[in-house]
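Trainee: Sharing coords_7.tsv here; it has TSV, N, CA and C atoms.
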chain	number	residue	atom	x	y	z
A	1	MET	N	-6.09	-22.26	-61.31
A	1	MET	CA	-5.19	-21.12	-61.28
A	1	MET	C	-5.25	-20.41	-62.63
A	2	ASN	N	-5.29	-19.13	-62.57
A	2	ASN	CA	-5.31	-18.28	-63.74
A	2	ASN	C	-4.04	-18.49	-64.57
A	3	ILE	N	-4.17	-18.54	-65.89
A	3	ILE	CA	-3.03	-18.75	-66.80
A	3	ILE	C	-1.99	-17.65	-66.62
A	4	LYS	N	-2.45	-16.42	-66.47
A	4	LYS	CA	-1.54	-15.29	-66.32
A	4	LYS	C	-0.69	-15.45	-65.04
A	5	ILE	N	-1.32	-15.85	-63.95
A	5	ILE	CA	-0.59	-16.05	-62.70
A	5	ILE	C	0.42	-17.18	-62.85
A	6	LEU	N	0.00	-18.26	-63.47
A	6	LEU	CA	0.89	-19.39	-63.70
A	6	LEU	C	2.09	-18.97	-64.56
A	7	PHE	N	1.82	-18.20	-65.61
A	7	PHE	CA	2.88	-17.71	-66.48
A	7	PHE	C	3.89	-16.88	-65.70
A	8	HIS	N	3.41	-15.98	-64.82
A	8	HIS	CA	4.31	-15.14	-64.03
A	8	HIS	C	5.11	-15.97	-63.02
A	9	LYS	N	4.51	-17.00	-62.47
A	9	LYS	CA	5.24	-17.88	-61.56
A	9	LYS	C	6.36	-18.62	-62.30
A	10	ILE	N	6.09	-19.04	-63.50
A	10	ILE	CA	7.12	-19.71	-64.31
A	10	ILE	C	8.24	-18.72	-64.65
A	11	LEU	N	7.88	-17.51	-65.04
A	11	LEU	CA	8.89	-16.49	-65.34
A	11	LEU	C	9.75	-16.20	-64.12
A	12	ASP	N	9.12	-16.10	-62.94
A	12	ASP	CA	9.87	-15.84	-61.71
A	12	ASP	C	10.85	-16.96	-61.41
A	13	ALA	N	10.47	-18.18	-61.72
A	13	ALA	CA	11.34	-19.33	-61.46
A	13	ALA	C	12.51	-19.38	-62.45
A	14	VAL	N	12.26	-18.99	-63.68
A	14	VAL	CA	13.29	-19.06	-64.72
A	14	VAL	C	14.22	-17.84	-64.66
A	15	PHE	N	13.65	-16.67	-64.54
A	15	PHE	CA	14.42	-15.42	-64.51
A	15	PHE	C	14.49	-14.93	-63.07
A	16	VAL	N	15.57	-15.25	-62.41
A	16	VAL	CA	15.68	-15.00	-60.98
A	16	VAL	C	16.46	-13.72	-60.67
A	17	ASP	N	16.38	-12.73	-61.54
A	17	ASP	CA	17.15	-11.50	-61.34
A	17	ASP	C	16.83	-10.81	-60.03
A	18	LYS	N	15.61	-10.96	-59.52
A	18	LYS	CA	15.26	-10.26	-58.29
A	18	LYS	C	15.83	-10.92	-57.04
A	19	TYR	N	16.54	-12.05	-57.20
A	19	TYR	CA	17.11	-12.75	-56.06
A	19	TYR	C	18.61	-12.54	-55.92
A	20	ASN	N	19.21	-11.88	-56.89
A	20	ASN	CA	20.64	-11.56	-56.85
A	20	ASN	C	20.82	-10.06	-56.98
A	21	CYS	N	21.85	-9.56	-56.33
A	21	CYS	CA	22.17	-8.14	-56.41
A	21	CYS	C	22.56	-7.81	-57.85
A	22	MET	N	21.95	-6.78	-58.42
A	22	MET	CA	22.26	-6.44	-59.80
A	22	MET	C	23.61	-5.74	-59.94
A	23	VAL	N	24.24	-5.41	-58.81
A	23	VAL	CA	25.56	-4.78	-58.86
A	23	VAL	C	26.66	-5.83	-58.75
A	24	CYS	N	26.63	-6.64	-57.69
A	24	CYS	CA	27.72	-7.57	-57.42
A	24	CYS	C	27.34	-9.03	-57.66
A	25	ASP	N	26.08	-9.28	-57.94
A	25	ASP	CA	25.54	-10.61	-58.24
A	25	ASP	C	25.49	-11.55	-57.03
A	26	ARG	N	25.73	-11.01	-55.82
A	26	ARG	CA	25.56	-11.84	-54.62
A	26	ARG	C	24.10	-12.16	-54.42
A	27	GLU	N	23.84	-13.30	-53.81
A	27	GLU	CA	22.46	-13.66	-53.51
A	27	GLU	C	21.93	-12.72	-52.43
A	28	LEU	N	20.72	-12.22	-52.63
A	28	LEU	CA	20.11	-11.30	-51.66
A	28	LEU	C	19.57	-12.08	-50.47
A	29	GLU	N	19.60	-11.45	-49.29
A	29	GLU	CA	19.08	-12.08	-48.09
A	29	GLU	C	17.58	-12.34	-48.22
A	30	LYS	N	16.90	-11.40	-48.86
A	30	LYS	CA	15.46	-11.53	-49.11
A	30	LYS	C	15.14	-10.78	-50.39
A	31	GLU	N	14.00	-11.08	-50.98
A	31	GLU	CA	13.59	-10.40	-52.21
A	31	GLU	C	13.56	-8.90	-51.97
A	32	SER	N	14.05	-8.15	-52.93
A	32	SER	CA	14.20	-6.71	-52.77
A	32	SER	C	13.54	-5.96	-53.91
A	33	ARG	N	12.88	-4.87	-53.58
A	33	ARG	CA	12.27	-4.00	-54.60
A	33	ARG	C	13.34	-3.42	-55.53
A	34	TYR	N	14.54	-3.25	-55.00
A	34	TYR	CA	15.62	-2.62	-55.76
A	34	TYR	C	16.65	-3.60	-56.30
A	35	ALA	N	16.61	-4.85	-55.89
A	35	ALA	CA	17.58	-5.87	-56.31
A	35	ALA	C	19.02	-5.44	-56.07
A	36	VAL	N	19.26	-4.85	-54.90
A	36	VAL	CA	20.60	-4.41	-54.51
A	36	VAL	C	20.85	-4.87	-53.08
A	37	CYS	N	22.02	-5.46	-52.84
A	37	CYS	CA	22.36	-5.91	-51.48
A	37	CYS	C	22.73	-4.70	-50.62
A	38	LYS	N	22.76	-4.91	-49.32
A	38	LYS	CA	23.06	-3.83	-48.38
A	38	LYS	C	24.45	-3.23	-48.61
A	39	GLN	N	25.42	-4.10	-48.90
A	39	GLN	CA	26.79	-3.62	-49.10
A	39	GLN	C	26.87	-2.68	-50.29
A	40	CYS	N	26.23	-3.04	-51.38
A	40	CYS	CA	26.27	-2.18	-52.58
A	40	CYS	C	25.42	-0.93	-52.38
A	41	ALA	N	24.28	-1.07	-51.72
A	41	ALA	CA	23.40	0.09	-51.49
A	41	ALA	C	24.11	1.17	-50.67
A	42	HIS	N	24.99	0.76	-49.76
A	42	HIS	CA	25.72	1.73	-48.93
A	42	HIS	C	26.75	2.52	-49.73
A	43	THR	N	27.08	2.06	-50.92
A	43	THR	CA	28.05	2.79	-51.74
A	43	THR	C	27.38	3.87	-52.59
A	44	PHE	N	26.06	3.83	-52.71
A	44	PHE	CA	25.34	4.81	-53.52
A	44	PHE	C	25.31	6.15	-52.77
A	45	ILE	N	25.56	7.23	-53.48
A	45	ILE	CA	25.53	8.55	-52.87
A	45	ILE	C	24.25	9.25	-53.30
A	46	TYR	N	23.33	9.42	-52.34
A	46	TYR	CA	22.06	10.09	-52.60
A	46	TYR	C	22.30	11.59	-52.74
A	47	ILE	N	21.54	12.23	-53.61
A	47	ILE	CA	21.61	13.68	-53.77
A	47	ILE	C	20.62	14.30	-52.79
A	48	ASN	N	21.16	15.00	-51.80
A	48	ASN	CA	20.33	15.61	-50.76
A	48	ASN	C	20.05	17.08	-50.99
A	49	ASN	N	20.94	17.75	-51.69
A	49	ASN	CA	20.79	19.19	-51.94
A	49	ASN	C	20.92	19.43	-53.44
A	50	PRO	N	19.84	19.14	-54.21
A	50	PRO	CA	19.94	19.25	-55.67
A	50	PRO	C	19.69	20.66	-56.19
A	51	CYS	N	20.25	20.95	-57.35
A	51	CYS	CA	19.92	22.16	-58.09
A	51	CYS	C	18.43	22.10	-58.42
A	52	LYS	N	17.73	23.19	-58.24
A	52	LYS	CA	16.29	23.21	-58.46
A	52	LYS	C	15.89	23.24	-59.93
A	53	LYS	N	16.87	23.17	-60.80
A	53	LYS	CA	16.59	23.11	-62.23
A	53	LYS	C	17.05	21.76	-62.81
A	54	CYS	N	18.35	21.46	-62.70
A	54	CYS	CA	18.89	20.26	-63.35
A	54	CYS	C	19.01	19.05	-62.43
A	55	GLY	N	18.94	19.26	-61.11
A	55	GLY	CA	18.99	18.15	-60.18
A	55	GLY	C	20.38	17.71	-59.76
A	56	LYS	N	21.42	18.35	-60.28
A	56	LYS	CA	22.78	17.98	-59.89
A	56	LYS	C	23.03	18.38	-58.43
A	57	PRO	N	23.93	17.68	-57.74
A	57	PRO	CA	24.20	18.02	-56.34
A	57	PRO	C	24.87	19.38	-56.20
A	58	LEU	N	24.47	20.11	-55.16
A	58	LEU	CA	25.05	21.42	-54.86
A	58	LEU	C	25.90	21.33	-53.59
A	59	ASN	N	26.92	22.15	-53.52
A	59	ASN	CA	27.80	22.15	-52.35
A	59	ASN	C	27.66	23.40	-51.49
A	60	GLY	N	26.77	24.29	-51.83
A	60	GLY	CA	26.68	25.54	-51.09
A	60	GLY	C	25.26	25.87	-50.70
A	61	ASN	N	25.08	27.12	-50.33
A	61	ASN	CA	23.77	27.61	-49.92
A	61	ASN	C	23.06	28.31	-51.06
A	62	THR	N	23.09	27.72	-52.21
A	62	THR	CA	22.45	28.28	-53.39
A	62	THR	C	21.38	27.30	-53.87
A	63	ASP	N	20.44	27.79	-54.67
A	63	ASP	CA	19.38	26.93	-55.19
A	63	ASP	C	19.69	26.38	-56.57
A	64	TYR	N	20.63	27.01	-57.28
A	64	TYR	CA	20.92	26.63	-58.66
A	64	TYR	C	22.42	26.48	-58.87
A	65	CYS	N	22.79	25.51	-59.71
A	65	CYS	CA	24.21	25.31	-60.04
A	65	CYS	C	24.66	26.43	-60.98
A	66	ILE	N	25.95	26.50	-61.19
A	66	ILE	CA	26.54	27.54	-62.05
A	66	ILE	C	25.98	27.44	-63.47
A	67	MET	N	25.88	26.22	-64.00
A	67	MET	CA	25.37	26.03	-65.37
A	67	MET	C	23.94	26.57	-65.49
A	68	CYS	N	23.09	26.27	-64.53
A	68	CYS	CA	21.70	26.72	-64.61
A	68	CYS	C	21.57	28.22	-64.37
A	69	GLN	N	22.48	28.78	-63.60
A	69	GLN	CA	22.46	30.23	-63.36
A	69	GLN	C	22.90	31.00	-64.60
A	70	ASN	N	23.82	30.40	-65.38
A	70	ASN	CA	24.45	31.15	-66.47
A	70	ASN	C	24.02	30.77	-67.87
A	71	SER	N	23.15	29.79	-68.02
A	71	SER	CA	22.76	29.40	-69.37
A	71	SER	C	21.28	29.03	-69.43
A	72	LYS	N	20.74	29.13	-70.62
A	72	LYS	CA	19.33	28.79	-70.86
A	72	LYS	C	19.18	27.28	-70.87
A	73	ARG	N	18.22	26.78	-70.13
A	73	ARG	CA	17.91	25.35	-70.12
A	73	ARG	C	16.57	25.16	-70.82
A	74	TYR	N	16.46	24.10	-71.60
A	74	TYR	CA	15.24	23.87	-72.38
A	74	TYR	C	14.38	22.77	-71.77
A	75	PHE	N	14.32	22.77	-70.46
A	75	PHE	CA	13.45	21.88	-69.71
A	75	PHE	C	13.07	22.58	-68.42
A	76	ASN	N	12.00	22.15	-67.80
A	76	ASN	CA	11.54	22.78	-66.57
A	76	ASN	C	12.28	22.29	-65.34
A	77	ARG	N	12.46	20.98	-65.26
A	77	ARG	CA	13.07	20.41	-64.05
A	77	ARG	C	13.56	19.01	-64.35
A	78	ALA	N	14.71	18.65	-63.79
A	78	ALA	CA	15.25	17.30	-63.90
A	78	ALA	C	15.52	16.78	-62.49
A	79	TYR	N	15.35	15.50	-62.31
A	79	TYR	CA	15.56	14.86	-61.00
A	79	TYR	C	16.53	13.71	-61.13
A	80	SER	N	17.35	13.56	-60.12
A	80	SER	CA	18.23	12.40	-60.00
A	80	SER	C	18.18	11.95	-58.55
A	81	VAL	N	18.28	10.66	-58.36
A	81	VAL	CA	18.28	10.13	-57.00
A	81	VAL	C	19.71	10.07	-56.48
A	82	PHE	N	20.64	9.64	-57.34
A	82	PHE	CA	22.02	9.42	-56.93
A	82	PHE	C	22.99	10.27	-57.73
A	83	GLU	N	24.16	10.48	-57.15
A	83	GLU	CA	25.25	11.06	-57.91
A	83	GLU	C	25.69	10.02	-58.93
A	84	TYR	N	26.00	10.48	-60.12
A	84	TYR	CA	26.32	9.59	-61.23
A	84	TYR	C	27.81	9.28	-61.27
A	85	TRP	N	28.19	8.29	-60.48
A	85	TRP	CA	29.57	7.81	-60.50
A	85	TRP	C	29.60	6.44	-59.81
A	86	GLY	N	30.71	5.74	-59.95
A	86	GLY	CA	30.88	4.46	-59.27
A	86	GLY	C	29.89	3.41	-59.74
A	87	LYS	N	29.29	2.72	-58.79
A	87	LYS	CA	28.41	1.59	-59.10
A	87	LYS	C	27.14	2.03	-59.82
A	88	ILE	N	26.63	3.21	-59.51
A	88	ILE	CA	25.44	3.71	-60.21
A	88	ILE	C	25.78	3.98	-61.67
A	89	GLU	N	26.91	4.59	-61.91
A	89	GLU	CA	27.34	4.83	-63.29
A	89	GLU	C	27.47	3.50	-64.04
A	90	ASN	N	28.04	2.50	-63.39
A	90	ASN	CA	28.18	1.17	-64.01
A	90	ASN	C	26.81	0.56	-64.32
A	91	LEU	N	25.84	0.71	-63.41
A	91	LEU	CA	24.50	0.16	-63.63
A	91	LEU	C	23.81	0.83	-64.82
A	92	VAL	N	23.90	2.14	-64.89
A	92	VAL	CA	23.27	2.87	-65.99
A	92	VAL	C	23.95	2.51	-67.31
A	93	TYR	N	25.26	2.41	-67.30
A	93	TYR	CA	26.00	2.03	-68.51
A	93	TYR	C	25.59	0.62	-68.96
A	94	ALA	N	25.48	-0.30	-68.00
A	94	ALA	CA	25.09	-1.68	-68.33
A	94	ALA	C	23.66	-1.73	-68.87
A	95	LEU	N	22.80	-0.89	-68.34
A	95	LEU	CA	21.42	-0.82	-68.84
A	95	LEU	C	21.40	-0.32	-70.28
A	96	LYS	N	22.12	0.76	-70.54
A	96	LYS	CA	22.09	1.38	-71.86
A	96	LYS	C	22.88	0.61	-72.91
A	97	PHE	N	24.05	0.10	-72.53
A	97	PHE	CA	24.94	-0.47	-73.53
A	97	PHE	C	25.30	-1.94	-73.30
A	98	GLY	N	24.97	-2.48	-72.13
A	98	GLY	CA	25.37	-3.84	-71.79
A	98	GLY	C	24.26	-4.87	-71.87
A	99	ASN	N	23.15	-4.48	-72.49
A	99	ASN	CA	22.02	-5.40	-72.67
A	99	ASN	C	21.45	-5.91	-71.36
A	100	LYS	N	21.47	-5.09	-70.31
A	100	LYS	CA	20.90	-5.47	-69.02
A	100	LYS	C	19.61	-4.69	-68.79
A	101	LYS	N	18.70	-4.85	-69.71
A	101	LYS	CA	17.45	-4.09	-69.67
A	101	LYS	C	16.60	-4.44	-68.45
A	102	TYR	N	16.78	-5.64	-67.89
A	102	TYR	CA	16.02	-6.02	-66.70
A	102	TYR	C	16.27	-5.07	-65.53
A	103	SER	N	17.44	-4.42	-65.51
A	103	SER	CA	17.75	-3.52	-64.39
A	103	SER	C	16.93	-2.24	-64.42
A	104	ALA	N	16.28	-1.94	-65.54
A	104	ALA	CA	15.48	-0.72	-65.65
A	104	ALA	C	14.35	-0.70	-64.62
A	105	LYS	N	13.72	-1.85	-64.38
A	105	LYS	CA	12.60	-1.85	-63.42
A	105	LYS	C	13.09	-1.58	-62.01
A	106	TYR	N	14.31	-1.98	-61.68
A	106	TYR	CA	14.84	-1.73	-60.34
A	106	TYR	C	15.35	-0.30	-60.19
A	107	LEU	N	16.05	0.19	-61.21
A	107	LEU	CA	16.51	1.57	-61.15
A	107	LEU	C	15.34	2.54	-61.15
A	108	SER	N	14.29	2.22	-61.91
A	108	SER	CA	13.12	3.10	-61.93
A	108	SER	C	12.39	3.08	-60.59
A	109	ALA	N	12.52	2.02	-59.81
A	109	ALA	CA	11.89	1.96	-58.49
A	109	ALA	C	12.49	3.03	-57.57
A	110	PHE	N	13.81	3.26	-57.68
A	110	PHE	CA	14.44	4.33	-56.89
A	110	PHE	C	13.83	5.68	-57.27
A	111	LEU	N	13.68	5.92	-58.56
A	111	LEU	CA	13.14	7.20	-59.03
A	111	LEU	C	11.67	7.34	-58.66
A	112	ALA	N	10.91	6.27	-58.77
A	112	ALA	CA	9.49	6.32	-58.39
A	112	ALA	C	9.34	6.67	-56.91
A	113	ASP	N	10.18	6.08	-56.08
A	113	ASP	CA	10.13	6.40	-54.65
A	113	ASP	C	10.50	7.85	-54.38
A	114	LYS	N	11.44	8.38	-55.15
A	114	LYS	CA	11.82	9.79	-55.03
A	114	LYS	C	10.62	10.69	-55.37
A	115	PHE	N	9.90	10.35	-56.43
A	115	PHE	CA	8.73	11.12	-56.82
A	115	PHE	C	7.66	11.09	-55.73
A	116	LEU	N	7.43	9.93	-55.15
A	116	LEU	CA	6.44	9.80	-54.08
A	116	LEU	C	6.88	10.53	-52.81
A	117	GLU	N	8.15	10.39	-52.47
A	117	GLU	CA	8.70	11.00	-51.26
A	117	GLU	C	8.61	12.52	-51.31
A	118	GLU	N	8.87	13.10	-52.48
A	118	GLU	CA	8.87	14.55	-52.61
A	118	GLU	C	7.56	15.10	-53.15
A	119	ASP	N	6.59	14.21	-53.34
A	119	ASP	CA	5.27	14.60	-53.83
A	119	ASP	C	5.36	15.40	-55.13
A	120	ILE	N	6.13	14.87	-56.06
A	120	ILE	CA	6.37	15.53	-57.34
A	120	ILE	C	5.19	15.30	-58.27
A	121	VAL	N	4.74	16.36	-58.91
A	121	VAL	CA	3.67	16.26	-59.91
A	121	VAL	C	4.30	16.59	-61.26
A	122	ALA	N	4.05	15.73	-62.23
A	122	ALA	CA	4.66	15.94	-63.54
A	122	ALA	C	3.63	15.71	-64.65
A	123	ASP	N	3.68	16.53	-65.68
A	123	ASP	CA	2.83	16.33	-66.87
A	123	ASP	C	3.37	15.19	-67.72
A	124	CYS	N	4.70	15.06	-67.71
A	124	CYS	CA	5.35	14.08	-68.57
A	124	CYS	C	6.68	13.68	-67.96
A	125	ILE	N	7.01	12.41	-68.07
A	125	ILE	CA	8.31	11.92	-67.63
A	125	ILE	C	9.02	11.38	-68.86
A	126	VAL	N	10.24	11.84	-69.08
A	126	VAL	CA	11.00	11.47	-70.27
A	126	VAL	C	12.34	10.90	-69.83
A	127	ALA	N	12.68	9.74	-70.37
A	127	ALA	CA	13.98	9.14	-70.09
A	127	ALA	C	15.08	9.91	-70.81
A	128	MET	N	16.27	9.88	-70.24
A	128	MET	CA	17.41	10.51	-70.89
A	128	MET	C	17.81	9.67	-72.10
A	129	PRO	N	18.01	10.30	-73.24
A	129	PRO	CA	18.42	9.53	-74.43
A	129	PRO	C	19.83	8.97	-74.27
A	130	LEU	N	20.13	7.93	-75.05
A	130	LEU	CA	21.47	7.35	-75.01
A	130	LEU	C	22.50	8.38	-75.39
Please express what this file holds, its structure, as structure tokens.

Mentor:
Amino acid sequence: MNIKILFHKILDAVFVDKYNCMVCDRELEKESRYAVCKQCAHTFIYINNPCKKCGKPLNGNTDYCIMCQNSKRYFNRAYSVFEYWGKIENLVYALKFGNKKYSAKYLSAFLADKFLEEDIVADCIVAMPL
């Protein structure tokens, strides 16, 4: 067996974060790409009608939010998968300030799927600063 494979198997056995929900810490029914149980996943609010500039959710028949319509933005486009409140807000806060860096790979999986789903092409992807 390759040393690298053996090393990853040992890491998987020791660090079992992918077997528990990163929100509520319940044991997952099966290994999950997102490390979120069904109950917690149902609480996430997906953004279905985003502003075409900043990505915030819109409530009307417009393409841009009030902020993007009325002020200069210094970026081309921003994307979000979820509305930033509740359990998602707690996850992002824990990632940034709670030393839960392992959750980055699961949260980024949601964003990667969004990019693939919408066939987004980007020159550069930049994380939001703290």

Trainee: What's around A:Lys53 at 8 Å? Count all atoms listed in the file, leave out sequence neighbours fewer than 3 positions away in its own chain, and write the answer as an MDAnalysis selection string.

Mentor: chainID A and resid 50 56 63:65 68 75:79

Trainee: Return the single residue from A:Phe44, A:Gln69, A:Tyr93, A:Lys105 that is closest to A:Val81, with distances computed using all atoms listed in the file.

Mentor: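 Looking at the shortest contact to A:Val81, the residue is A:Phe44.
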
Trainee: If you run DSSP on this backbone, which residues of chain A come out as helix (DSSP H, G or I), and could you give them as a VMD selection string?

Mentor: chain A and resid 3 to 14 17 to 19 38 to 41 66 to 70 86 to 97 103 to 117

Trainee: Given the choices A:Cys21, A:Leu116, A:Val126, A:Ile10, which gets closest to A:Lys38 if the distance is worked out from all atoms listed in the file?

Mentor: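 Of all the options, A:Cys21 lies closest to A:Lys38.
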
Trainee: Applying 10 Å and only C-alpha atoms, which residues near A:Ser32 remain after dropping the ones on its own chain fewer than 6 positions away? List them as a ChimeraX atom specification.

Mentor: /A:18-21,106

Trainee: Next, dump the selected residues to file, keeping only N, CA and C atoms, as a CSV table (one decimal), in the frame of the given file.

Mentor:
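And here's selection_37.csv as it stands now:
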chain,number,residue,atom,x,y,z
A,18,LYS,N,15.6,-11.0,-59.5
A,18,LYS,CA,15.3,-10.3,-58.3
A,18,LYS,C,15.8,-10.9,-57.0
A,19,TYR,N,16.5,-12.0,-57.2
A,19,TYR,CA,17.1,-12.8,-56.1
A,19,TYR,C,18.6,-12.5,-55.9
A,20,ASN,N,19.2,-11.9,-56.9
A,20,ASN,CA,20.6,-11.6,-56.8
A,20,ASN,C,20.8,-10.1,-57.0
A,21,CYS,N,21.8,-9.6,-56.3
A,21,CYS,CA,22.2,-8.1,-56.4
A,21,CYS,C,22.6,-7.8,-57.8
A,106,TYR,N,14.3,-2.0,-61.7
A,106,TYR,CA,14.8,-1.7,-60.3
A,106,TYR,C,15.4,-0.3,-60.2

Trainee: Using all atoms listed in the file, which residue out of A:Asn2, A:Asn61, A:Ser80, A:Asn49 lies closest to A:Leu111?

Mentor: A:Ser80

Trainee: Can you work out the spacing between atom CA of A:Pro57 and atom CA of A:Asp123 in Å, to one decimal?

Mentor: 23.9 Å

Trainee: Using only N, CA and C atoms, find the one residue out of A:Met22, A:Ala35, A:Cys54, A:Leu6 that sits nearest to A:Leu91.

Mentor: A:Met22

Trainee: Quick one: distance from atom CA of A:Ser108 to atom C of A:Ser71 in Å, one decimal?

Mentor: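 A separation of 28.2 Å between them.
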
Trainee: Please, what distance in Å, to one decimal, runs between atom C of A:Glu118 and atom N of A:Tyr46?

Mentor: 16.8 Å
